[in-house]
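Heads up, coords06.cif below (mmCIF, C-alpha atoms):
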```cif
data_start
#
loop_
_atom_site.label_atom_id
_atom_site.label_comp_id
_atom_site.auth_asym_id
_atom_site.auth_seq_id
_atom_site.Cartn_x
_atom_site.Cartn_y
_atom_site.Cartn_z
CA MET O 5 -10.96 100.47 -12.01
CA ALA O 6 -10.72 96.79 -11.15
CA ALA O 7 -13.07 95.67 -8.42
CA ALA O 8 -11.37 94.42 -5.27
CA LEU O 9 -12.20 90.78 -4.69
CA GLU O 10 -13.59 89.77 -1.31
CA ASP O 11 -14.32 86.55 0.53
CA PRO O 12 -17.88 85.17 0.68
CA SER O 13 -20.00 86.74 3.40
CA LEU O 14 -23.08 85.51 5.25
CA GLU O 15 -25.82 87.97 4.33
CA ARG O 16 -29.10 86.48 5.57
CA HIS O 17 -30.19 83.86 8.07
CA PHE O 18 -33.65 82.31 7.81
CA ASN O 19 -35.06 80.34 10.74
CA GLY O 20 -38.41 78.55 10.47
CA HIS O 21 -38.00 74.92 9.49
CA ARG O 22 -38.68 72.29 12.14
CA ASP O 23 -36.41 69.58 10.73
CA THR O 24 -33.50 68.99 8.34
CA VAL O 25 -33.46 71.19 5.21
CA THR O 26 -33.39 68.90 2.16
CA GLY O 27 -33.33 71.18 -0.88
CA MET O 28 -33.41 74.80 -2.03
CA ASP O 29 -33.61 77.02 -5.09
CA PHE O 30 -33.49 80.77 -5.83
CA SER O 31 -36.19 82.45 -7.89
CA PRO O 32 -34.92 83.75 -11.27
CA ASN O 33 -35.44 87.40 -10.24
CA MET O 34 -33.75 86.88 -6.85
CA THR O 35 -36.79 88.01 -4.83
CA GLN O 36 -37.43 84.63 -3.16
CA LEU O 37 -35.64 81.53 -1.90
CA ALA O 38 -37.57 78.25 -1.64
CA SER O 39 -36.49 75.45 0.70
CA GLY O 40 -37.92 72.02 1.48
CA SER O 41 -37.54 70.05 4.69
CA MET O 42 -38.13 66.78 6.45
CA ASP O 43 -40.87 68.65 8.35
CA SER O 44 -43.15 68.10 5.27
CA CYS O 45 -43.31 71.83 4.54
CA LEU O 46 -42.11 74.07 1.73
CA MET O 47 -40.82 77.48 2.86
CA VAL O 48 -40.62 80.49 0.56
CA TRP O 49 -38.40 83.23 2.00
CA ASN O 50 -38.83 86.77 0.67
CA PHE O 51 -35.77 88.97 0.25
CA LYS O 52 -37.75 92.20 0.21
CA PRO O 53 -37.65 94.03 3.57
CA LYS O 54 -40.58 93.54 5.96
CA MET O 55 -42.15 90.77 3.86
CA ARG O 56 -43.16 87.61 5.68
CA ALA O 57 -41.98 84.15 4.73
CA TYR O 58 -44.59 81.63 3.56
CA ARG O 59 -44.89 78.11 4.94
CA PHE O 60 -46.77 75.91 2.45
CA VAL O 61 -48.50 72.91 4.03
CA GLY O 62 -49.84 70.15 1.81
CA HIS O 63 -47.43 67.23 1.59
CA LYS O 64 -48.09 64.34 3.96
CA ASP O 65 -44.40 63.44 4.35
CA ALA O 66 -40.92 64.91 3.94
CA VAL O 67 -40.25 67.33 1.07
CA LEU O 68 -37.00 66.15 -0.56
CA SER O 69 -36.54 68.48 -3.55
CA THR O 70 -37.63 71.97 -4.63
CA CYS O 71 -37.27 73.87 -7.89
CA PHE O 72 -38.45 77.21 -9.30
CA SER O 73 -39.79 77.30 -12.85
CA PRO O 74 -37.74 79.44 -15.29
CA SER O 75 -40.41 82.15 -15.14
CA GLY O 76 -40.49 82.10 -11.33
CA HIS O 77 -44.29 81.75 -11.33
CA LEU O 78 -44.26 78.17 -10.01
CA VAL O 79 -42.36 76.15 -7.43
CA ALA O 80 -42.25 72.37 -7.72
CA SER O 81 -41.76 70.14 -4.67
CA ALA O 82 -41.12 66.40 -4.56
CA SER O 83 -42.01 64.36 -1.50
CA ARG O 84 -41.70 61.06 0.28
CA ASP O 85 -45.51 60.84 0.03
CA LYS O 86 -44.96 59.83 -3.67
CA THR O 87 -46.42 63.08 -5.02
CA VAL O 88 -45.21 66.23 -6.73
CA ARG O 89 -46.85 69.58 -6.07
CA LEU O 90 -46.79 72.73 -8.18
CA TRP O 91 -47.20 75.83 -6.01
CA ILE O 92 -47.84 79.47 -6.81
CA PRO O 93 -45.37 81.20 -4.45
CA SER O 94 -47.78 83.80 -3.11
CA VAL O 95 -49.86 84.34 0.00
CA LYS O 96 -52.77 82.31 -1.44
CA GLY O 97 -50.62 79.19 -1.65
CA GLU O 98 -52.59 77.56 -4.46
CA SER O 99 -51.18 74.21 -5.56
CA THR O 100 -51.79 71.31 -7.91
CA VAL O 101 -50.83 67.81 -6.78
CA PHE O 102 -50.30 64.60 -8.76
CA LYS O 103 -49.05 61.16 -7.84
CA ALA O 104 -45.82 60.88 -9.77
CA HIS O 105 -44.37 57.52 -8.69
CA THR O 106 -45.05 54.34 -6.73
CA ALA O 107 -42.36 55.23 -4.16
CA THR O 108 -40.58 58.26 -2.67
CA VAL O 109 -39.95 61.07 -5.17
CA ARG O 110 -36.40 62.32 -4.53
CA SER O 111 -35.87 64.87 -7.28
CA VAL O 112 -37.82 67.33 -9.43
CA ASP O 113 -36.55 69.64 -12.17
CA PHE O 114 -37.98 72.02 -14.79
CA SER O 115 -36.77 72.10 -18.39
CA SER O 116 -35.25 75.44 -19.41
CA ASP O 117 -38.34 76.28 -21.49
CA GLY O 118 -40.59 75.62 -18.49
CA GLN O 119 -42.78 73.15 -20.40
CA THR O 120 -41.60 69.82 -18.95
CA LEU O 121 -41.07 68.34 -15.48
CA LEU O 122 -38.49 65.67 -14.65
CA THR O 123 -38.88 63.43 -11.59
CA ALA O 124 -36.72 60.68 -10.05
CA SER O 125 -37.83 58.13 -7.50
CA ASP O 126 -37.07 55.18 -5.24
CA ASP O 127 -39.12 53.07 -7.67
CA LYS O 128 -35.93 53.13 -9.82
CA THR O 129 -37.53 55.17 -12.59
CA ILE O 130 -37.19 58.65 -14.08
CA LYS O 131 -40.35 60.20 -15.52
CA LEU O 132 -41.15 63.18 -17.71
CA TRP O 133 -44.38 65.16 -17.48
CA THR O 134 -45.95 68.19 -19.09
CA VAL O 135 -46.18 71.14 -16.70
CA HIS O 136 -49.62 71.98 -18.09
CA ARG O 137 -52.11 69.40 -16.77
CA GLN O 138 -49.19 67.21 -15.56
CA LYS O 139 -49.62 64.71 -18.39
CA PHE O 140 -47.29 61.70 -18.21
CA LEU O 141 -44.94 61.53 -21.22
CA PHE O 142 -42.61 58.55 -20.73
CA SER O 143 -40.30 56.73 -18.29
CA LEU O 144 -36.56 56.07 -18.35
CA THR O 145 -35.86 52.67 -16.79
CA LYS O 146 -32.34 51.29 -16.60
CA HIS O 147 -31.30 51.96 -13.01
CA MET O 148 -31.22 48.99 -10.64
CA ASN O 149 -31.66 50.93 -7.39
CA TRP O 150 -33.10 54.18 -6.02
CA VAL O 151 -32.62 57.19 -8.30
CA ARG O 152 -31.45 60.07 -6.12
CA CYS O 153 -31.28 62.84 -8.68
CA ALA O 154 -32.19 63.69 -12.29
CA LYS O 155 -31.52 66.94 -14.17
CA PHE O 156 -32.13 68.39 -17.62
CA SER O 157 -29.21 69.64 -19.71
CA PRO O 158 -29.29 73.40 -20.44
CA ASP O 159 -30.49 72.73 -24.01
CA ASN O 160 -33.06 70.11 -22.79
CA ARG O 161 -31.67 67.45 -25.16
CA LEU O 162 -30.14 65.27 -22.44
CA VAL O 163 -30.98 64.06 -18.94
CA VAL O 164 -28.43 63.05 -16.30
CA SER O 165 -29.37 60.77 -13.40
CA GLY O 166 -27.55 59.41 -10.36
CA SER O 167 -28.53 56.29 -8.45
CA ASP O 168 -27.74 54.04 -5.51
CA ASP O 169 -26.69 51.43 -8.07
CA LYS O 170 -23.42 53.46 -8.26
CA THR O 171 -24.02 54.65 -11.80
CA VAL O 172 -24.52 58.02 -13.46
CA ARG O 173 -26.50 57.71 -16.68
CA LEU O 174 -26.88 60.08 -19.61
CA TRP O 175 -30.15 59.85 -21.53
CA ASP O 176 -31.15 61.15 -24.93
CA ARG O 177 -34.54 62.76 -24.47
CA GLN O 178 -35.61 62.29 -28.09
CA SER O 179 -34.74 58.60 -28.46
CA LYS O 180 -35.31 57.79 -24.75
CA ASP O 181 -32.09 55.75 -24.81
CA CYS O 182 -29.27 55.67 -22.27
CA VAL O 183 -26.35 56.98 -24.35
CA HIS O 184 -23.61 56.52 -21.74
CA THR O 185 -23.06 55.21 -18.21
CA PHE O 186 -20.38 56.36 -15.77
CA TYR O 187 -19.59 53.79 -13.08
CA GLU O 188 -18.69 54.85 -9.52
CA THR O 189 -16.28 52.51 -7.75
CA GLY O 190 -16.49 54.23 -4.36
CA GLY O 191 -19.69 55.44 -2.76
CA PHE O 192 -23.25 55.97 -3.91
CA ILE O 193 -24.35 58.96 -6.01
CA ASN O 194 -26.19 61.57 -3.95
CA ASN O 195 -26.39 64.38 -6.50
CA CYS O 196 -25.51 65.25 -10.10
CA GLN O 197 -25.58 68.54 -12.02
CA PHE O 198 -25.00 69.80 -15.55
CA HIS O 199 -22.34 72.45 -16.20
CA PRO O 200 -23.93 75.66 -17.62
CA SER O 201 -22.22 74.92 -20.96
CA GLY O 202 -23.84 71.47 -21.11
CA THR O 203 -20.49 69.83 -21.90
CA CYS O 204 -19.73 68.50 -18.40
CA ILE O 205 -21.46 67.01 -15.39
CA ALA O 206 -20.52 66.96 -11.71
CA THR O 207 -21.34 64.22 -9.20
CA ALA O 208 -21.45 64.11 -5.40
CA CYS O 209 -20.70 60.80 -3.67
CA THR O 210 -21.14 59.29 -0.25
CA ASP O 211 -17.38 58.61 -0.07
CA GLY O 212 -16.70 62.37 0.17
CA SER O 213 -15.58 62.84 -3.43
CA VAL O 214 -16.71 65.36 -6.04
CA LYS O 215 -16.07 64.45 -9.69
CA VAL O 216 -16.35 66.37 -12.96
CA PHE O 217 -16.86 64.41 -16.20
CA ASP O 218 -16.59 65.53 -19.83
CA ILE O 219 -19.66 64.10 -21.57
CA ARG O 220 -18.28 64.75 -25.08
CA MET O 221 -15.34 62.40 -24.57
CA ASN O 222 -16.97 60.47 -21.70
CA LYS O 223 -13.97 60.76 -19.41
CA LEU O 224 -13.16 61.96 -15.90
CA LEU O 225 -11.74 65.50 -15.88
CA GLN O 226 -11.37 66.32 -12.18
CA ASN O 227 -11.63 64.33 -8.96
CA TYR O 228 -11.72 66.23 -5.67
CA VAL O 229 -11.36 64.17 -2.49
CA ALA O 230 -12.53 67.25 -0.67
CA HIS O 231 -14.81 66.25 2.18
CA SER O 232 -14.29 63.90 5.11
CA ALA O 233 -17.89 62.64 4.92
CA SER O 234 -20.72 62.14 2.42
CA VAL O 235 -21.31 64.95 -0.09
CA ASN O 236 -25.02 65.73 -0.25
CA SER O 237 -25.51 68.55 -2.74
CA LEU O 238 -23.85 70.41 -5.65
CA SER O 239 -24.39 73.60 -7.62
CA PHE O 240 -22.52 75.25 -10.52
CA HIS O 241 -21.91 78.99 -10.61
CA ALA O 242 -23.56 80.77 -13.57
CA SER O 243 -20.14 81.56 -15.07
CA GLY O 244 -19.23 77.85 -15.04
CA ASN O 245 -15.93 78.65 -13.32
CA TYR O 246 -16.92 77.53 -9.82
CA LEU O 247 -18.64 74.58 -8.17
CA LEU O 248 -20.25 74.51 -4.70
CA SER O 249 -20.71 71.43 -2.49
CA GLY O 250 -22.24 70.69 0.93
CA SER O 251 -21.33 67.71 3.11
CA ASP O 252 -22.06 65.75 6.26
CA ASP O 253 -18.74 67.10 7.59
CA ALA O 254 -20.62 70.39 8.29
CA THR O 255 -18.72 72.39 5.64
CA LEU O 256 -19.34 73.98 2.26
CA LYS O 257 -16.57 73.96 -0.31
CA ILE O 258 -16.12 76.09 -3.40
CA TYR O 259 -13.94 74.77 -6.23
CA ASP O 260 -12.07 76.84 -8.80
CA LEU O 261 -12.61 74.63 -11.84
CA ALA O 262 -10.23 76.58 -14.08
CA GLU O 263 -7.33 75.97 -11.68
CA GLY O 264 -8.57 72.58 -10.49
CA ARG O 265 -8.37 73.26 -6.76
CA ILE O 266 -10.47 73.96 -3.69
CA PHE O 267 -10.99 77.71 -3.48
CA TYR O 268 -12.86 78.13 -0.18
CA THR O 269 -14.01 76.09 2.79
CA LEU O 270 -16.91 77.66 4.67
CA HIS O 271 -18.20 76.91 8.17
CA GLY O 272 -21.42 78.02 9.82
CA HIS O 273 -23.85 75.11 10.08
CA GLN O 274 -24.00 73.10 13.30
CA GLY O 275 -24.16 69.70 11.65
CA PRO O 276 -24.37 68.21 8.12
CA VAL O 277 -24.91 70.59 5.20
CA THR O 278 -27.70 68.92 3.23
CA ALA O 279 -28.57 71.47 0.53
CA VAL O 280 -26.69 74.12 -1.49
CA ALA O 281 -27.58 76.28 -4.50
CA PHE O 282 -26.16 79.23 -6.43
CA SER O 283 -28.57 81.96 -7.51
CA LYS O 284 -29.28 82.21 -11.23
CA ASN O 285 -26.92 85.16 -11.67
CA GLY O 286 -24.28 83.75 -9.32
CA GLU O 287 -24.35 86.78 -7.04
CA TYR O 288 -25.59 84.74 -4.05
CA PHE O 289 -25.62 81.14 -2.90
CA GLY O 290 -27.67 79.37 -0.26
CA SER O 291 -27.10 76.52 2.18
CA GLY O 292 -29.30 74.44 4.45
CA GLY O 293 -28.55 71.79 7.02
CA SER O 294 -29.66 69.36 9.67
CA ASP O 295 -29.60 72.30 12.12
CA GLN O 296 -32.85 73.46 10.41
CA GLN O 297 -31.18 76.72 9.32
CA VAL O 298 -31.16 78.35 5.87
CA PHE O 299 -28.26 80.70 5.08
CA ALA O 300 -27.96 83.12 2.16
CA TRP O 301 -24.36 84.06 1.30
CA LYS O 302 -22.99 86.88 -0.88
CA THR O 303 -20.54 85.39 -3.38
CA ASN O 304 -18.15 88.38 -3.71
CA PHE O 305 -15.23 86.37 -5.13
CA ASP O 306 -16.86 86.07 -8.58
CA GLN O 307 -16.50 89.78 -9.41
CA ALA O 308 -13.59 88.96 -11.72
CA ASP O 309 -16.03 87.03 -13.90
CA PHE O 310 -18.49 89.92 -14.24
CA HIS O 311 -16.29 93.05 -14.12
CA GLU O 312 -14.25 93.70 -17.23
CA GLY O 313 -10.64 94.52 -16.55
CA SER O 314 -10.55 92.98 -13.06
CA LYS O 315 -8.04 90.24 -12.39
CA LYS O 316 -8.38 87.26 -10.06
CA LYS O 317 -6.01 87.50 -7.10
CA SER O 318 -3.43 84.78 -6.80
CA ARG O 319 -3.92 82.73 -3.66
CA ASP O 320 -1.94 80.29 -1.59
CA VAL O 321 -2.12 76.59 -2.44
CA SER O 322 -3.81 75.85 0.86
CA PRO O 323 -7.40 77.07 0.54
CA PRO O 324 -8.49 79.91 2.84
CA THR O 325 -11.23 79.23 5.34
CA VAL O 326 -14.19 81.51 5.91
CA SER O 327 -15.55 80.90 9.41
CA ASP O 328 -18.94 82.33 10.41
CA ILE O 329 -20.18 82.32 13.97
CA PRO O 330 -23.02 79.79 14.49
CA PRO O 331 -26.55 81.15 15.07
CA ARG O 332 -27.39 82.87 18.34
CA ILE O 333 -23.74 83.60 19.15
CA LYS O 334 -22.74 87.25 19.04
CA THR O 335 -20.64 88.22 16.02
CA THR O 336 -17.65 90.49 16.66
CA ARG O 337 -17.16 93.13 13.98
CA SER O 338 -14.68 95.95 13.53
CA LYS O 339 -17.25 98.00 11.63
CA SER O 340 -20.93 98.75 12.14
CA PRO O 341 -23.00 95.94 10.62
CA LYS O 342 -24.64 96.74 7.31
CA ARG O 343 -28.28 96.05 6.59
CA GLY O 344 -28.68 92.32 6.21
CA ALA O 345 -25.55 91.52 8.21
CA VAL O 346 -25.75 88.78 10.84
CA THR O 347 -26.06 89.96 14.41
CA ASN O 348 -26.87 87.51 17.20
CA GLY O 349 -27.77 84.92 14.62
CA TYR O 350 -30.40 86.96 12.75
CA SER O 351 -30.02 89.21 9.73
CA SER O 352 -33.26 91.16 10.26
CA ASP O 353 -36.50 90.95 12.18
CA HIS O 354 -38.48 89.15 9.50
CA ASP O 355 -36.00 86.26 9.38
CA ARG O 356 -37.37 84.95 12.68
CA THR O 357 -39.87 82.14 13.05
CA ASP O 358 -42.47 84.61 14.45
CA ASP O 359 -42.98 86.32 11.05
CA ILE O 360 -43.90 83.27 8.97
CA MET O 361 -47.33 82.98 7.40
CA THR O 362 -48.51 79.38 7.20
CA VAL O 363 -50.54 78.63 4.08
CA GLY O 364 -52.81 75.61 4.61
CA SER O 365 -53.45 73.58 7.76
CA GLU O 366 -53.34 69.99 8.92
CA ARG O 367 -57.11 69.86 9.21
CA THR O 368 -57.55 71.16 5.65
CA ARG O 369 -55.01 68.63 4.47
CA SER O 370 -56.87 65.63 6.00
CA ASP O 371 -60.32 66.76 4.85
CA ASN O 372 -59.27 67.43 1.24
CA ARG O 373 -56.60 64.82 0.50
CA GLU O 374 -58.34 63.88 -2.78
CA ARG O 375 -58.47 67.45 -4.08
CA GLU O 376 -55.96 68.70 -6.63
CA HIS O 377 -56.12 72.36 -5.57
CA GLY O 378 -56.41 74.30 -2.37
CA TYR O 379 -54.73 74.40 1.04
CA THR O 380 -55.31 78.12 1.06
CA SER O 381 -56.13 78.61 4.73
CA SER O 382 -54.13 81.41 6.33
CA ARG O 383 -53.65 79.69 9.70
CA ALA O 384 -51.92 76.48 10.69
CA ASP O 385 -53.15 73.91 13.15
CA ARG O 386 -49.70 73.77 14.74
CA GLU O 387 -50.65 71.58 17.69
CA ASP O 388 -51.93 68.82 15.39
CA TYR O 389 -48.81 69.13 13.22
CA ASP O 390 -46.39 68.88 16.15
CA THR O 391 -48.26 65.91 17.63
CA GLN O 392 -48.18 64.02 14.36
CA SER O 393 -44.48 64.72 13.71
CA ILE O 394 -43.56 63.51 17.20
CA THR O 395 -45.69 60.36 17.43
CA GLN O 396 -44.86 58.83 14.04
CA PRO O 397 -41.16 58.16 14.78
CA LEU O 398 -42.04 56.69 18.19
CA GLU O 399 -44.46 54.22 16.61
CA ALA O 400 -41.85 53.17 14.08
CA LYS O 401 -39.31 52.38 16.79
CA SER O 402 -41.71 50.17 18.76
CA LEU O 403 -42.43 47.71 15.92
CA PRO O 404 -41.99 44.04 16.96
CA PRO O 405 -39.43 41.91 15.04
CA GLN O 406 -42.13 39.72 13.46
CA LEU O 407 -43.90 42.76 12.02
CA THR O 408 -40.61 44.20 10.79
CA GLN O 409 -39.80 40.95 8.96
CA PHE O 410 -43.30 40.87 7.47
CA MET O 411 -42.93 44.47 6.25
CA GLU O 412 -39.58 43.63 4.65
CA THR O 413 -41.25 40.76 2.79
CA ILE O 414 -44.01 43.10 1.62
CA ALA O 415 -41.38 45.64 0.53
CA GLY O 416 -39.69 42.95 -1.58
CA GLN O 417 -42.98 42.06 -3.23
CA LEU O 418 -43.70 45.73 -3.88
CA ASP O 419 -40.29 46.01 -5.51
CA ILE O 420 -41.25 43.24 -7.94
CA LEU O 421 -44.58 44.96 -8.60
CA THR O 422 -42.74 48.23 -9.28
CA GLN O 423 -40.60 46.54 -11.93
CA THR O 424 -43.71 44.99 -13.48
CA VAL O 425 -45.46 48.38 -13.60
CA SER O 426 -42.39 49.94 -15.24
CA LEU O 427 -42.36 47.23 -17.92
CA LEU O 428 -46.09 47.72 -18.51
CA GLU O 429 -45.55 51.47 -18.88
CA GLN O 430 -42.84 50.82 -21.47
CA ARG O 431 -45.06 48.42 -23.41
CA LEU O 432 -47.97 50.85 -23.23
CA THR O 433 -45.78 53.61 -24.64
CA MET O 434 -44.61 51.30 -27.47
CA THR O 435 -48.21 50.29 -28.21
CA GLU O 436 -49.30 53.94 -28.34
CA ASN O 437 -46.46 54.76 -30.75
CA LYS O 438 -47.33 51.80 -33.02
CA LEU O 439 -51.02 52.74 -32.95
CA ARG O 440 -50.12 56.31 -33.86
CA GLU O 441 -48.00 55.04 -36.78
CA CYS O 442 -50.83 52.79 -38.00
CA LEU O 443 -53.31 55.68 -37.90
CA ASP O 444 -50.88 57.92 -39.78
CA ASN O 445 -50.32 55.23 -42.45
CA GLN O 446 -54.05 54.64 -42.81
CA GLN O 447 -54.63 58.36 -43.24
CA LYS O 448 -51.94 58.52 -45.94
CA ILE O 449 -53.50 55.57 -47.79
CA THR O 450 -56.92 57.23 -47.64
CA LEU O 451 -55.52 60.46 -49.09
CA GLN O 452 -53.85 58.52 -51.92
CA VAL O 453 -57.02 56.57 -52.80
CA ARG O 454 -59.39 59.58 -52.98
CA PRO O 455 -57.94 61.15 -56.17
CA THR O 456 -58.20 57.76 -57.95
CA ASP O 457 -61.91 57.52 -57.15
#
```
Would you put the structure from the file into C-alpha cells?
Amino acid sequence: MAAALEDPSLERHFNGHRDTVTGMDFSPNMTQLASGSMDSCLMVWNFKPKMRAYRFVGHKDAVLSTCFSPSGHLVASASRDKTVRLWIPSVKGESTVFKAHTATVRSVDFSSDGQTLLTASDDKTIKLWTVHRQKFLFSLTKHMNWVRCAKFSPDNRLVVSGSDDKTVRLWDRQSKDCVHTFYETGGFINNCQFHPSGTCIATACTDGSVKVFDIRMNKLLQNYVAHSASVNSLSFHASGNYLLSGSDDATLKIYDLAEGRIFYTLHGHQGPVTAVAFSKNGEYFGSGGSDQQVFAWKTNFDQADFHEGSKKKSRDVSPPTVSDIPPRIKTTRSKSPKRGAVTNGYSSDHDRTDDIMTVGSERTRSDNREREHGYTSSRADREDYDTQSITQPLEAKSLPPQLTQFMETIAGQLDILTQTVSLLEQRLTMTENKLRECLDNQQKITLQVRPTD
C-alpha cells in the first residue's frame, strides 16, 4: 500500500547555545546532531532519550563550521580563532587542535573516505590536510577575497569553493588546478554544495537567490529567486530530488528539483536562519538561527522516494506553507502530542539548557592554550565565560578613530603578508615535488648502474 505523504513536522527543539547558530551536521547513524555557534562552543545533541547534550569548550572565538566524519567517530569544527579542532563526541571531550590558516577558518569538510580534511579561510586560501596527524598537503589559491565555503565532491576527485570575490570555483584535486569558474553577477557566495550524484552544484547568494549548475556542461540549470534576504546555508536531500535553504528572511525553503519549483516554505525561527542540514538518510533535517535555537524536523514528504509503489501527490503551483509556533508559545493540537512533539517550546525534558554537560572550562582553556589535547574537565567556569563574551564587544565599540585607522592599515599589511605566505607555500610544494623527482631519478640511475658493475 502506498504511504500517505505528509508535510514536514517539527520533532525536536534543542535550547542551549548562547549566540547565533552558525553550522550543523547529523551523525551518520542519526544518534547525534552537532552544532556550532558564535558563542565559541560546539554542542553535540543526543537523540537517545534521557541522554544529556555535550557542550565542548576549547575554541577561543566563534565556531563557524561543523562536520561529522563519515564514521561518526570525529567531529571537526572551524573557528574564527584560525584553528580547526577534531573532537571525539563523547563525555570525555578529547580534542586535537591545529592552526589551519592565518585568518578566520570559515569552512571544514571531510572527504567521503574520512582520510582528508578540507578547510577554507578569510586568508583567501583552501587547504587540504590528512586527518591522521593533521599533516598539511597543499593549498588552492586563486580566490581574490574571503573563501566562505569549500566542499569535496562525493567521489573526492573535485573540490567546489565559494568566495566573496563573487566566484564559484571547481578544482581538480589530483592536478590542483582550477578547472572551471562560475561568475556571480548579483550577490556574494555564502554557501555551495555538491549534488549527491556529483554532477551538479548548488550555490546560496546574498541577493536571495539559489542556483543549480551542471558541472559537466558548465551551465546554469535552475535559478530560484526564492528568498527576500541573504541565503546563508544549503543542503541536498540524500535522494538528490530536494534542496533545502535557510535565509535571513527567517524562513526555510525546500525545492523540488525534478519539477523545478519551491515545494515548501517553513517558519519557526524568530530571526535569520543561519544553518540547515539534511540527515545522511534524508529522514530528518535540522535548522539553526540567530535566535540561538536548534530545530530537528521530520521530513515526511520524501516517502515517495523510499517507498516503492508510492506516488508523489500533485500540488498547487503556489507552494504550501508549514507554520510552526515559535518557542515558548503553546502549540494547539487536535490530537495528543506524540513523544518528541513540541509542547510549550520543548520536545522533551533533556532538550532544556539545564541538562547540558559542559566539557572543558575557561580556566582550563587559558592554562593549556599550547596543548594539542585535553579540555576534559566536566564543569564549566560559566561566570568567566559570560564576562568575557560580554566585555569583548563593548571594548570593540569604544575604539578611537585613530586606532581604528591604524588597525585598518595593519590589516592591509597583513593581507599582503598572507598573499606572500601563500606564494611561498606554493613554491615550497613545487620544490618538494622537484626534489622528490630528483631523488626518484637518482635511485633509478643507481639501480641501472649496479648490474653493469
Applied to the shown file, which residues does the PyMOL selection byres ((chain O and resi 425) around 12) return, written as a list in words?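 Going through the file, the PyMOL selection byres ((chain O and resi 425) around 12) ends up selecting His105, Thr106, Asp127, Lys128, Thr129, Ser143, Thr145, Leu418, Asp419, Ile420, Leu421, Thr422, Gln423, Thr424, Ser426, Leu427, Leu428, Glu429, Gln430, Arg431 and Leu432 of chain O.
Closest to Arg22 of chain O among O:Asp306, O:Asp444, O:Asp295, O:Asp113 is O:Asp295, based on only C-alpha atoms.
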Please provide the set of residues having any atom within 10 Å of Phe217 of chain O, restricted to all atoms listed in the file, with same-chain residues fewer than 3 positions apart removed, written as an MDAnalysis selection string. chainID O and resid 186 198:199 203:207 220:227
Please evaluate the PyMOL selection byres ((chain O and resi 118) around 10) against the structure above and give the resulting residues as a ChimeraX atom specification. /O:72-76,78,113-117,119-121,134-136
Determine the residue set returned by the PyMOL selection byres ((chain O and resi 155-161) around 12) for the present structure, and present it as a compact mmCIF listing (two decimals) with C-alpha atoms, in the coordinates of the input.
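result-v7.txt, written as the output of this step:
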```
# COMPACT_ATOMS: atom_id res chain seq x y z
CA SER O 69 -36.54 68.48 -3.55
CA CYS O 71 -37.27 73.87 -7.89
CA PRO O 74 -37.74 79.44 -15.29
CA ARG O 110 -36.40 62.32 -4.53
CA SER O 111 -35.87 64.87 -7.28
CA VAL O 112 -37.82 67.33 -9.43
CA ASP O 113 -36.55 69.64 -12.17
CA PHE O 114 -37.98 72.02 -14.79
CA SER O 115 -36.77 72.10 -18.39
CA SER O 116 -35.25 75.44 -19.41
CA ASP O 117 -38.34 76.28 -21.49
CA GLY O 118 -40.59 75.62 -18.49
CA GLN O 119 -42.78 73.15 -20.40
CA THR O 120 -41.60 69.82 -18.95
CA LEU O 121 -41.07 68.34 -15.48
CA LEU O 122 -38.49 65.67 -14.65
CA THR O 123 -38.88 63.43 -11.59
CA ALA O 124 -36.72 60.68 -10.05
CA ILE O 130 -37.19 58.65 -14.08
CA LYS O 131 -40.35 60.20 -15.52
CA LEU O 132 -41.15 63.18 -17.71
CA VAL O 151 -32.62 57.19 -8.30
CA ARG O 152 -31.45 60.07 -6.12
CA CYS O 153 -31.28 62.84 -8.68
CA ALA O 154 -32.19 63.69 -12.29
CA LEU O 162 -30.14 65.27 -22.44
CA VAL O 163 -30.98 64.06 -18.94
CA VAL O 164 -28.43 63.05 -16.30
CA SER O 165 -29.37 60.77 -13.40
CA GLY O 166 -27.55 59.41 -10.36
CA VAL O 172 -24.52 58.02 -13.46
CA ARG O 173 -26.50 57.71 -16.68
CA LEU O 174 -26.88 60.08 -19.61
CA TRP O 175 -30.15 59.85 -21.53
CA ASP O 176 -31.15 61.15 -24.93
CA ARG O 177 -34.54 62.76 -24.47
CA GLN O 178 -35.61 62.29 -28.09
CA SER O 179 -34.74 58.60 -28.46
CA LYS O 180 -35.31 57.79 -24.75
CA ASP O 181 -32.09 55.75 -24.81
CA VAL O 183 -26.35 56.98 -24.35
CA ASN O 195 -26.39 64.38 -6.50
CA CYS O 196 -25.51 65.25 -10.10
CA GLN O 197 -25.58 68.54 -12.02
CA PHE O 198 -25.00 69.80 -15.55
CA HIS O 199 -22.34 72.45 -16.20
CA PRO O 200 -23.93 75.66 -17.62
CA SER O 201 -22.22 74.92 -20.96
CA GLY O 202 -23.84 71.47 -21.11
CA THR O 203 -20.49 69.83 -21.90
CA CYS O 204 -19.73 68.50 -18.40
CA ILE O 205 -21.46 67.01 -15.39
CA ALA O 206 -20.52 66.96 -11.71
CA THR O 207 -21.34 64.22 -9.20
CA ILE O 219 -19.66 64.10 -21.57
CA LEU O 238 -23.85 70.41 -5.65
CA SER O 239 -24.39 73.60 -7.62
CA ALA O 242 -23.56 80.77 -13.57
```
Between atom CA of Ala281 of chain O and atom CA of Ser167 of chain O, what is the spacing in Å? 20.4 Å
With distances taken over all atoms listed in the file, which residue among O:Ser31, O:Asn236, O:Thr450, O:Asn245 lies nearest Ser291 of chain O?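 Result for the nearest residue to Ser291 of chain O: O:Asn236.
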Find the distance between atom CA of Phe140 of chain O and atom CA of Ala279 of chain O and write it in Å to one decimal. 28.2 Å
Find, counting all atoms listed in the file, the residue in O:Val95, O:Asp65, O:Glu441, O:Cys182 that gets nearest to Ala107 of chain O. O:Asp65
Could you tell me how far atom CA of Thr108 of chain O lies from atom CA of Phe410 of chain O, in Å and to one decimal?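 Atom CA of Thr108 of chain O sits 20.3 Å away from atom CA of Phe410 of chain O.
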Compile the contact shell of segment 83-91 of chain O as a list of chain:residue names: residues with an atom at most 7 Å away, counting only C-alpha atoms, same-chain residues fewer than 6 positions apart removed.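 Returned residues: O:His63, O:Lys64, O:Asp65, O:Ala66, O:Val67, O:Leu68, O:Gly97, O:Glu98, O:Ser99, O:Thr100, O:Val101, O:Phe102, O:Lys103, O:Ala104, O:His105, O:Thr106, O:Ala107, O:Thr108, O:Val109, O:Arg110.
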Selection: 6 Å around Asp23 of chain O, only C-alpha atoms, excl. self and same-chain fewer than 3 positions, as an NGL selection string: :O and (42-43 or 296)
C-alpha atoms of the current selection, written as a PDB file, in the frame of the given file:
```pdb
ATOM      1  CA  MET O  42     -38.130  66.780   6.450  1.00  0.00           C
ATOM      2  CA  ASP O  43     -40.870  68.650   8.350  1.00  0.00           C
ATOM      3  CA  GLN O 296     -32.850  73.460  10.410  1.00  0.00           C
TER       4      GLN O 296
END
```
